[in-house]
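The file run.pdb comes next; it holds PDB, C-alpha atoms and all ligand atoms.
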```
ATOM      1  CA  MET A   6      97.946  41.529  75.407  1.00  0.00           C
ATOM      2  CA  SER A   7      95.133  40.767  73.075  1.00  0.00           C
ATOM      3  CA  ASN A   8      92.472  38.241  72.180  1.00  0.00           C
ATOM      4  CA  ARG A   9      94.021  38.036  68.698  1.00  0.00           C
ATOM      5  CA  THR A  10      97.000  35.994  67.581  1.00  0.00           C
ATOM      6  CA  ILE A  11     100.155  38.033  68.111  1.00  0.00           C
ATOM      7  CA  GLN A  12     102.027  39.540  65.153  1.00  0.00           C
ATOM      8  CA  VAL A  13     105.455  37.926  64.971  1.00  0.00           C
ATOM      9  CA  ASP A  14     108.203  40.264  63.727  1.00  0.00           C
ATOM     10  CA  GLU A  15     111.818  39.216  63.117  1.00  0.00           C
ATOM     11  CA  ARG A  16     112.977  39.994  66.636  1.00  0.00           C
ATOM     12  CA  LEU A  17     110.161  38.065  68.265  1.00  0.00           C
ATOM     13  CA  TYR A  18     110.575  35.165  65.832  1.00  0.00           C
ATOM     14  CA  ASP A  19     114.267  34.930  66.720  1.00  0.00           C
ATOM     15  CA  TYR A  20     113.282  34.905  70.373  1.00  0.00           C
ATOM     16  CA  ILE A  21     110.827  32.032  69.786  1.00  0.00           C
ATOM     17  CA  LEU A  22     113.586  30.054  68.087  1.00  0.00           C
ATOM     18  CA  ASP A  23     116.051  30.901  70.868  1.00  0.00           C
ATOM     19  CA  VAL A  24     113.879  29.817  73.780  1.00  0.00           C
ATOM     20  CA  SER A  25     111.911  26.911  72.337  1.00  0.00           C
ATOM     21  CA  VAL A  26     113.590  25.097  69.459  1.00  0.00           C
ATOM     22  CA  ARG A  27     115.599  21.991  70.340  1.00  0.00           C
ATOM     23  CA  GLU A  28     116.833  21.015  66.902  1.00  0.00           C
ATOM     24  CA  SER A  29     119.089  17.958  66.816  1.00  0.00           C
ATOM     25  CA  GLY A  30     122.481  18.196  65.140  1.00  0.00           C
ATOM     26  CA  VAL A  31     121.322  15.920  62.315  1.00  0.00           C
ATOM     27  CA  LEU A  32     118.221  18.047  61.654  1.00  0.00           C
ATOM     28  CA  ARG A  33     120.390  21.173  61.656  1.00  0.00           C
ATOM     29  CA  LYS A  34     122.822  19.666  59.144  1.00  0.00           C
ATOM     30  CA  LEU A  35     119.944  18.630  56.900  1.00  0.00           C
ATOM     31  CA  ARG A  36     118.480  22.131  57.098  1.00  0.00           C
ATOM     32  CA  GLU A  37     121.858  23.657  56.235  1.00  0.00           C
ATOM     33  CA  GLU A  38     122.423  21.353  53.252  1.00  0.00           C
ATOM     34  CA  THR A  39     118.897  22.159  52.024  1.00  0.00           C
ATOM     35  CA  ALA A  40     119.517  25.905  52.425  1.00  0.00           C
ATOM     36  CA  ALA A  41     122.545  25.547  50.144  1.00  0.00           C
ATOM     37  CA  LEU A  42     120.197  24.384  47.341  1.00  0.00           C
ATOM     38  CA  GLY A  43     119.015  28.001  46.992  1.00  0.00           C
ATOM     39  CA  GLY A  44     115.467  29.343  46.646  1.00  0.00           C
ATOM     40  CA  VAL A  45     113.918  25.892  46.559  1.00  0.00           C
ATOM     41  CA  ALA A  46     114.840  25.596  50.256  1.00  0.00           C
ATOM     42  CA  ARG A  47     111.712  27.560  51.147  1.00  0.00           C
ATOM     43  CA  MET A  48     109.827  24.322  50.541  1.00  0.00           C
ATOM     44  CA  GLN A  49     111.332  23.036  53.766  1.00  0.00           C
ATOM     45  CA  ILE A  50     109.308  23.456  56.935  1.00  0.00           C
ATOM     46  CA  SER A  51     110.648  25.721  59.671  1.00  0.00           C
ATOM     47  CA  PRO A  52     112.445  24.195  62.677  1.00  0.00           C
ATOM     48  CA  GLU A  53     109.710  25.122  65.150  1.00  0.00           C
ATOM     49  CA  GLN A  54     107.144  23.500  62.871  1.00  0.00           C
ATOM     50  CA  GLY A  55     109.198  20.311  62.703  1.00  0.00           C
ATOM     51  CA  GLN A  56     109.352  20.308  66.476  1.00  0.00           C
ATOM     52  CA  PHE A  57     105.588  20.909  66.720  1.00  0.00           C
ATOM     53  CA  MET A  58     104.826  18.033  64.368  1.00  0.00           C
ATOM     54  CA  ALA A  59     107.136  15.706  66.298  1.00  0.00           C
ATOM     55  CA  PHE A  60     105.357  16.867  69.450  1.00  0.00           C
ATOM     56  CA  LEU A  61     102.024  15.847  67.896  1.00  0.00           C
ATOM     57  CA  VAL A  62     103.429  12.417  66.993  1.00  0.00           C
ATOM     58  CA  GLU A  63     104.514  11.956  70.598  1.00  0.00           C
ATOM     59  CA  LEU A  64     101.293  13.402  72.054  1.00  0.00           C
ATOM     60  CA  THR A  65      98.995  11.201  69.989  1.00  0.00           C
ATOM     61  CA  GLY A  66     101.132   8.075  70.298  1.00  0.00           C
ATOM     62  CA  ALA A  67     101.098   7.716  66.504  1.00  0.00           C
ATOM     63  CA  ARG A  68     102.710   4.537  65.173  1.00  0.00           C
ATOM     64  CA  ARG A  69     102.131   4.866  61.438  1.00  0.00           C
ATOM     65  CA  MET A  70     102.454   8.135  59.561  1.00  0.00           C
ATOM     66  CA  LEU A  71     102.000   9.079  55.928  1.00  0.00           C
ATOM     67  CA  GLU A  72     103.570  12.085  54.193  1.00  0.00           C
ATOM     68  CA  VAL A  73     102.788  13.601  50.807  1.00  0.00           C
ATOM     69  CA  GLY A  74     105.670  15.852  49.725  1.00  0.00           C
ATOM     70  CA  THR A  75     108.886  14.782  51.441  1.00  0.00           C
ATOM     71  CA  PHE A  76     111.307  17.139  49.631  1.00  0.00           C
ATOM     72  CA  THR A  77     114.712  16.762  51.328  1.00  0.00           C
ATOM     73  CA  GLY A  78     113.279  14.842  54.258  1.00  0.00           C
ATOM     74  CA  TYR A  79     113.310  17.274  57.199  1.00  0.00           C
ATOM     75  CA  SER A  80     109.724  16.654  58.366  1.00  0.00           C
ATOM     76  CA  ALA A  81     110.176  12.919  57.766  1.00  0.00           C
ATOM     77  CA  LEU A  82     113.281  12.920  59.964  1.00  0.00           C
ATOM     78  CA  ALA A  83     111.671  15.015  62.705  1.00  0.00           C
ATOM     79  CA  CYS A  84     108.497  12.911  62.818  1.00  0.00           C
ATOM     80  CA  ALA A  85     110.057   9.474  62.281  1.00  0.00           C
ATOM     81  CA  ALA A  86     112.381  10.146  65.214  1.00  0.00           C
ATOM     82  CA  ALA A  87     109.294  10.699  67.390  1.00  0.00           C
ATOM     83  CA  LEU A  88     107.618   7.454  66.295  1.00  0.00           C
ATOM     84  CA  PRO A  89     108.149   4.370  68.468  1.00  0.00           C
ATOM     85  CA  PRO A  90     110.951   1.968  67.427  1.00  0.00           C
ATOM     86  CA  ASP A  91     108.492  -0.237  65.508  1.00  0.00           C
ATOM     87  CA  GLY A  92     106.758   2.779  63.938  1.00  0.00           C
ATOM     88  CA  GLU A  93     106.468   3.289  60.201  1.00  0.00           C
ATOM     89  CA  PHE A  94     106.675   6.465  58.145  1.00  0.00           C
ATOM     90  CA  VAL A  95     105.556   6.278  54.501  1.00  0.00           C
ATOM     91  CA  ALA A  96     107.131   9.160  52.560  1.00  0.00           C
ATOM     92  CA  CYS A  97     105.733  10.102  49.123  1.00  0.00           C
ATOM     93  CA  ASP A  98     107.549  12.344  46.668  1.00  0.00           C
ATOM     94  CA  VAL A  99     108.190  12.620  42.937  1.00  0.00           C
ATOM     95  CA  SER A 100     111.852  13.625  43.224  1.00  0.00           C
ATOM     96  CA  LYS A 101     114.706  11.160  43.677  1.00  0.00           C
ATOM     97  CA  GLU A 102     117.153  14.057  43.630  1.00  0.00           C
ATOM     98  CA  TRP A 103     115.570  15.828  46.607  1.00  0.00           C
ATOM     99  CA  THR A 104     114.763  12.759  48.694  1.00  0.00           C
ATOM    100  CA  ASP A 105     118.342  11.516  48.145  1.00  0.00           C
ATOM    101  CA  VAL A 106     119.504  14.534  50.162  1.00  0.00           C
ATOM    102  CA  GLY A 107     117.568  13.307  53.180  1.00  0.00           C
ATOM    103  CA  GLN A 108     118.475   9.651  53.082  1.00  0.00           C
ATOM    104  CA  LYS A 109     121.970   9.969  54.548  1.00  0.00           C
ATOM    105  CA  TYR A 110     120.576  12.016  57.434  1.00  0.00           C
ATOM    106  CA  TRP A 111     117.830   9.418  58.005  1.00  0.00           C
ATOM    107  CA  GLN A 112     120.665   6.895  58.245  1.00  0.00           C
ATOM    108  CA  GLU A 113     122.714   9.061  60.579  1.00  0.00           C
ATOM    109  CA  ALA A 114     119.744   9.663  62.872  1.00  0.00           C
ATOM    110  CA  GLY A 115     118.909   5.961  63.010  1.00  0.00           C
ATOM    111  CA  VAL A 116     115.402   6.359  61.538  1.00  0.00           C
ATOM    112  CA  PHE A 117     116.110   4.971  58.077  1.00  0.00           C
ATOM    113  CA  GLU A 118     114.486   1.622  58.910  1.00  0.00           C
ATOM    114  CA  LYS A 119     111.233   3.340  59.896  1.00  0.00           C
ATOM    115  CA  ILE A 120     110.888   5.256  56.614  1.00  0.00           C
ATOM    116  CA  THR A 121     109.461   3.732  53.443  1.00  0.00           C
ATOM    117  CA  LEU A 122     110.017   6.047  50.473  1.00  0.00           C
ATOM    118  CA  LYS A 123     107.474   5.886  47.636  1.00  0.00           C
ATOM    119  CA  LEU A 124     108.682   7.736  44.534  1.00  0.00           C
ATOM    120  CA  GLY A 125     105.965   8.685  42.043  1.00  0.00           C
ATOM    121  CA  PRO A 126     102.783  10.749  41.751  1.00  0.00           C
ATOM    122  CA  ALA A 127     101.283  10.655  45.247  1.00  0.00           C
ATOM    123  CA  VAL A 128      97.650  10.348  44.138  1.00  0.00           C
ATOM    124  CA  GLU A 129      98.597   7.023  42.550  1.00  0.00           C
ATOM    125  CA  THR A 130     100.602   5.960  45.605  1.00  0.00           C
ATOM    126  CA  LEU A 131      97.692   6.743  47.933  1.00  0.00           C
ATOM    127  CA  GLN A 132      95.237   4.903  45.693  1.00  0.00           C
ATOM    128  CA  THR A 133      97.580   1.904  45.651  1.00  0.00           C
ATOM    129  CA  LEU A 134      97.824   1.934  49.456  1.00  0.00           C
ATOM    130  CA  LEU A 135      94.016   1.888  49.634  1.00  0.00           C
ATOM    131  CA  ALA A 136      93.843  -0.968  47.131  1.00  0.00           C
ATOM    132  CA  GLN A 137      96.348  -2.853  49.303  1.00  0.00           C
ATOM    133  CA  GLY A 138      93.991  -2.648  52.274  1.00  0.00           C
ATOM    134  CA  GLN A 139      95.689   0.279  54.021  1.00  0.00           C
ATOM    135  CA  GLY A 140      92.424   2.138  54.646  1.00  0.00           C
ATOM    136  CA  ASN A 141      92.154   3.397  58.254  1.00  0.00           C
ATOM    137  CA  ALA A 142      95.735   2.175  58.764  1.00  0.00           C
ATOM    138  CA  PHE A 143      97.511   5.468  59.487  1.00  0.00           C
ATOM    139  CA  ASP A 144      97.432   7.540  62.660  1.00  0.00           C
ATOM    140  CA  MET A 145      98.714  10.729  61.095  1.00  0.00           C
ATOM    141  CA  MET A 146      99.263  12.289  57.688  1.00  0.00           C
ATOM    142  CA  PHE A 147     101.165  15.374  56.529  1.00  0.00           C
ATOM    143  CA  ILE A 148     100.171  16.996  53.217  1.00  0.00           C
ATOM    144  CA  ASP A 149     102.814  19.356  51.791  1.00  0.00           C
ATOM    145  CA  ALA A 150     103.037  18.861  48.011  1.00  0.00           C
ATOM    146  CA  ASP A 151     101.588  20.389  44.814  1.00  0.00           C
ATOM    147  CA  LYS A 152      98.747  22.633  45.877  1.00  0.00           C
ATOM    148  CA  SER A 153      96.486  21.870  42.897  1.00  0.00           C
ATOM    149  CA  SER A 154      96.140  18.290  44.192  1.00  0.00           C
ATOM    150  CA  TYR A 155      95.509  19.202  47.836  1.00  0.00           C
ATOM    151  CA  LEU A 156      91.795  18.323  47.685  1.00  0.00           C
ATOM    152  CA  GLN A 157      92.575  14.884  46.260  1.00  0.00           C
ATOM    153  CA  TYR A 158      95.255  14.230  48.883  1.00  0.00           C
ATOM    154  CA  TYR A 159      92.845  15.267  51.603  1.00  0.00           C
ATOM    155  CA  GLU A 160      90.000  13.055  50.384  1.00  0.00           C
ATOM    156  CA  LEU A 161      92.307  10.061  50.012  1.00  0.00           C
ATOM    157  CA  GLY A 162      93.822  10.891  53.391  1.00  0.00           C
ATOM    158  CA  LEU A 163      90.414  10.725  55.061  1.00  0.00           C
ATOM    159  CA  LYS A 164      90.222   7.115  53.884  1.00  0.00           C
ATOM    160  CA  LEU A 165      93.791   6.193  54.856  1.00  0.00           C
ATOM    161  CA  VAL A 166      93.825   7.828  58.291  1.00  0.00           C
ATOM    162  CA  ARG A 167      91.892   5.996  60.981  1.00  0.00           C
ATOM    163  CA  PRO A 168      88.915   7.574  62.752  1.00  0.00           C
ATOM    164  CA  GLY A 169      90.451   9.829  65.397  1.00  0.00           C
ATOM    165  CA  GLY A 170      93.602  10.204  63.310  1.00  0.00           C
ATOM    166  CA  LEU A 171      95.137  13.519  62.330  1.00  0.00           C
ATOM    167  CA  ILE A 172      95.741  15.133  58.942  1.00  0.00           C
ATOM    168  CA  LEU A 173      98.173  18.072  58.875  1.00  0.00           C
ATOM    169  CA  ILE A 174      98.076  20.374  55.856  1.00  0.00           C
ATOM    170  CA  ASP A 175     100.881  22.843  55.141  1.00  0.00           C
ATOM    171  CA  ASN A 176     100.964  26.280  53.481  1.00  0.00           C
ATOM    172  CA  VAL A 177      97.275  26.973  54.104  1.00  0.00           C
ATOM    173  CA  LEU A 178      97.958  30.732  54.395  1.00  0.00           C
ATOM    174  CA  TRP A 179     100.171  30.775  51.257  1.00  0.00           C
ATOM    175  CA  GLY A 180     102.150  33.841  52.223  1.00  0.00           C
ATOM    176  CA  GLY A 181      98.892  35.684  52.940  1.00  0.00           C
ATOM    177  CA  ALA A 182      97.694  35.379  49.333  1.00  0.00           C
ATOM    178  CA  VAL A 183      94.590  33.404  50.343  1.00  0.00           C
ATOM    179  CA  ALA A 184      93.143  36.553  51.964  1.00  0.00           C
ATOM    180  CA  ASP A 185      93.960  38.856  49.026  1.00  0.00           C
ATOM    181  CA  PRO A 186      91.151  38.905  46.425  1.00  0.00           C
ATOM    182  CA  ALA A 187      93.638  40.152  43.803  1.00  0.00           C
ATOM    183  CA  GLU A 188      95.507  36.826  43.985  1.00  0.00           C
ATOM    184  CA  GLN A 189      93.773  34.459  41.563  1.00  0.00           C
ATOM    185  CA  ASP A 190      96.535  32.081  40.458  1.00  0.00           C
ATOM    186  CA  GLU A 191      95.830  28.356  40.415  1.00  0.00           C
ATOM    187  CA  ASP A 192      97.706  27.475  43.611  1.00  0.00           C
ATOM    188  CA  THR A 193      96.092  30.241  45.641  1.00  0.00           C
ATOM    189  CA  GLN A 194      92.631  29.233  44.414  1.00  0.00           C
ATOM    190  CA  ALA A 195      93.316  25.580  45.240  1.00  0.00           C
ATOM    191  CA  ILE A 196      94.368  26.367  48.813  1.00  0.00           C
ATOM    192  CA  ARG A 197      91.406  28.717  49.277  1.00  0.00           C
ATOM    193  CA  ALA A 198      89.030  26.021  48.021  1.00  0.00           C
ATOM    194  CA  LEU A 199      90.464  23.499  50.468  1.00  0.00           C
ATOM    195  CA  ASN A 200      90.329  25.939  53.404  1.00  0.00           C
ATOM    196  CA  GLU A 201      86.690  26.744  52.643  1.00  0.00           C
ATOM    197  CA  LYS A 202      85.781  23.085  52.245  1.00  0.00           C
ATOM    198  CA  LEU A 203      87.384  22.119  55.552  1.00  0.00           C
ATOM    199  CA  HIS A 204      85.573  24.919  57.369  1.00  0.00           C
ATOM    200  CA  THR A 205      82.212  23.219  56.825  1.00  0.00           C
ATOM    201  CA  ASP A 206      83.371  19.593  56.594  1.00  0.00           C
ATOM    202  CA  ASN A 207      81.572  17.688  59.368  1.00  0.00           C
ATOM    203  CA  ARG A 208      83.850  14.675  58.963  1.00  0.00           C
ATOM    204  CA  ILE A 209      86.612  16.476  60.844  1.00  0.00           C
ATOM    205  CA  THR A 210      87.349  18.720  63.782  1.00  0.00           C
ATOM    206  CA  LEU A 211      89.510  21.626  62.716  1.00  0.00           C
ATOM    207  CA  SER A 212      92.192  24.052  63.825  1.00  0.00           C
ATOM    208  CA  LEU A 213      94.288  26.365  61.633  1.00  0.00           C
ATOM    209  CA  ILE A 214      97.577  27.251  63.295  1.00  0.00           C
ATOM    210  CA  PRO A 215      99.376  30.409  62.054  1.00  0.00           C
ATOM    211  CA  MET A 216     102.769  28.718  62.291  1.00  0.00           C
ATOM    212  CA  GLY A 217     105.205  28.730  59.385  1.00  0.00           C
ATOM    213  CA  ASP A 218     103.091  29.383  56.275  1.00  0.00           C
ATOM    214  CA  GLY A 219      99.932  28.201  58.048  1.00  0.00           C
ATOM    215  CA  LEU A 220      99.313  24.662  59.272  1.00  0.00           C
ATOM    216  CA  THR A 221      95.844  23.131  59.410  1.00  0.00           C
ATOM    217  CA  LEU A 222      95.096  20.297  61.823  1.00  0.00           C
ATOM    218  CA  ALA A 223      92.115  18.184  60.759  1.00  0.00           C
ATOM    219  CA  ARG A 224      91.155  15.287  63.012  1.00  0.00           C
ATOM    220  CA  ARG A 225      88.988  12.630  61.445  1.00  0.00           C
ATOM    221  CA  ARG A 226      85.913  12.328  63.618  1.00  0.00           C
ATOM    222  CA  ILE A 227      85.244   9.009  65.287  1.00  0.00           C
TER     223      ILE A 227
HETATM  224 CA    CA B   1     105.337  23.493  52.703  1.00  0.00          CA
END
```
As structure tokens, what does this structure read like?
Amino acid sequence: MSNRTIQVDERLYDYILDVSVRESGVLRKLREETAALGGVARMQISPEQGQFMAFLVELTGARRMLEVGTFTGYSALACAAALPPDGEFVACDVSKEWTDVGQKYWQEAGVFEKITLKLGPAVETLQTLLAQGQGNAFDMMFIDADKSSYLQYYELGLKLVRPGGLILIDNVLWGGAVADPAEQDEDTQAIRALNEKLHTDNRITLSLIPMGDGLTLARRRI
């Protein structure tokens, strides 16, 4: 036992999956089809993270959720299923090819009607939503797209998410690179800059969860 977060090796990770993950058959099929795409599949969130995010949707009673970086639609499916029947999930991505993979599973799971897909650069989509009067209109947001735009997504998200709403940010540990001074590539620097900004940002309350590749929870202060 320890007052530090436990190190999770392969055996322990398998155990966590075995005793806690309740992945639906549709989510499993979507994960398997995504895995068959090859290396790009690492852009998909892990099953326990999908379950955690759906848990947060349920816990907070979120009705409207916004996502930047939908990829093949696993997180959208997991979270949309946890929204109430009249809930809405706005999914932003640049790739028709990838989001097409998810659409048949959204149909199969009965969440297709809740999901509005916005194809195009997400900064523009978010700005358009603001211009359409969608400020403070979302209960939750998930940011999981190009890392060099993370700061922009976050700032726009703080306007789109209501006070008390939650912004989730993925890959904040970036395979550990954020803590390695030798890593100076653009993506690593962008994630580091966001992590450091959030640490002292008084507009939010903050928790960084070492789940998956690191998941930050930022709640917009009321
Ligand atoms: Ca990710």
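Closest approach to A:Ser154 among A:Ile196, A:Gln189, A:Gly140, A:Val116 is made by A:Ile196 (distances from all atoms listed in the file).
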Taking all atoms listed in the file and a cut-off of 10 Å, can you tell me which residues surround ligand CA 1 (chain B), written as a count of residues only?
24
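Minimum atom-to-atom distance to A:Leu134, evaluated using all atoms listed in the file, belongs to A:Leu71 out of A:Gly115, A:Gln108, A:Ser100, A:Leu71.
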List the neighbours of A:Thr121 out to 10 Å using all atoms listed in the file; skip same-chain residues closer than 4 positions along the sequence, and give me the result as a PyMOL selection string.
chain A and resi 71+93-97+117
Taking the file as I've supplied it (selection: the PyMOL selection byres (((chain A and resi 83) around 8) and not hetatm)), which residues are included? Please answer as a CSV table (one decimal) with C-alpha atoms, in the coordinates of the input.
```csv
chain,number,residue,atom,x,y,z
A,32,LEU,CA,118.2,18.0,61.7
A,55,GLY,CA,109.2,20.3,62.7
A,56,GLN,CA,109.4,20.3,66.5
A,58,MET,CA,104.8,18.0,64.4
A,59,ALA,CA,107.1,15.7,66.3
A,79,TYR,CA,113.3,17.3,57.2
A,80,SER,CA,109.7,16.7,58.4
A,81,ALA,CA,110.2,12.9,57.8
A,82,LEU,CA,113.3,12.9,60.0
A,84,CYS,CA,108.5,12.9,62.8
A,85,ALA,CA,110.1,9.5,62.3
A,86,ALA,CA,112.4,10.1,65.2
A,87,ALA,CA,109.3,10.7,67.4
```
Quick one, how far is atom CA of A:Ala187 from atom CA of A:Tyr158?
26.5 Å
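As for atom CA of A:Ala40 and atom CA of A:Leu88, they are spaced 26.0 Å apart.
Residues in contact with A:Val13 at 12 Å, where only C-alpha atoms are counted and same-chain residues fewer than 3 positions away are skipped, are listed as Thr10, Arg16, Leu17, Tyr18, Asp19, Tyr20, Ile21, Leu22, Pro215, Met216 and Gly217 of chain A.
A straight line drawn from atom CA of A:Ile214 to atom CA of A:Met145 is 16.7 Å long.
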Return as number ranges by chain the set of residues that the PyMOL selection byres (((chain A and resi 206) around 12) and not hetatm) yields on the displayed structure.
A: 159-160, 163, 199-205, 207-211, 223-226
Report the residues retrieved by the PyMOL selection byres (((chain A and resi 67) around 9) and not hetatm) from the displayed file, expressed as a list in words.
Leu61, Val62, Glu63, Leu64, Thr65, Gly66, Arg68, Arg69, Met70, Ala87, Leu88, Pro89, Gly92, Phe143, Asp144, Met145 and Gly170 of chain A
List the spatial neighbours of A:Lys109 as a list in words - criterion: any atom at most 10 Å away, only C-alpha atoms, same-chain residues fewer than 4 positions off excluded.
Val31, Leu35, Gly78, Thr104, Asp105, Glu113, Ala114, Gly115 and Phe117 of chain A
Atoms to include: C-alpha atoms. Write the selected residues as an mmCIF file, in the frame of the given file.
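File produced: again-v7.cif:
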```
data_model
loop_
_atom_site.group_PDB
_atom_site.id
_atom_site.type_symbol
_atom_site.label_atom_id
_atom_site.label_comp_id
_atom_site.auth_asym_id
_atom_site.auth_seq_id
_atom_site.Cartn_x
_atom_site.Cartn_y
_atom_site.Cartn_z
ATOM 1 C CA VAL A 31 121.322 15.920 62.315
ATOM 2 C CA LEU A 35 119.944 18.630 56.900
ATOM 3 C CA GLY A 78 113.279 14.842 54.258
ATOM 4 C CA THR A 104 114.763 12.759 48.694
ATOM 5 C CA ASP A 105 118.342 11.516 48.145
ATOM 6 C CA GLU A 113 122.714 9.061 60.579
ATOM 7 C CA ALA A 114 119.744 9.663 62.872
ATOM 8 C CA GLY A 115 118.909 5.961 63.010
ATOM 9 C CA PHE A 117 116.110 4.971 58.077
#
```
Enclosing box along x, y and z for every listed atom of stretch 71-84 of chain A, padded 8 Å each side, centre and size in Å, one decimal, as AutoDock Vina command-line options:
```
--center_x 108.4 --center_y 13.2 --center_z 56.2 --size_x 28.7 --size_y 24.2 --size_z 29.2
```
Neighbouring residues of A:Leu222 were defined as those with any atom within 6 Å, considering all atoms listed in the file; residues of the same chain fewer than 2 positions away were excluded. Please report them as number ranges by chain.
A: 172-173, 211-212
Go ahead and dump the residues you just picked, C-alpha atoms, as a PDB file, keeping the file's coordinate frame.
```
ATOM      1  CA  ILE A 172      95.741  15.133  58.942  1.00  0.00           C
ATOM      2  CA  LEU A 173      98.173  18.072  58.875  1.00  0.00           C
ATOM      3  CA  LEU A 211      89.510  21.626  62.716  1.00  0.00           C
ATOM      4  CA  SER A 212      92.192  24.052  63.825  1.00  0.00           C
TER       5      SER A 212
END
```
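Distance check against A:Val26 using all atoms listed in the file: of A:Glu53, A:Glu38, A:Glu191, A:Asp14, the minimum falls on A:Glu53.
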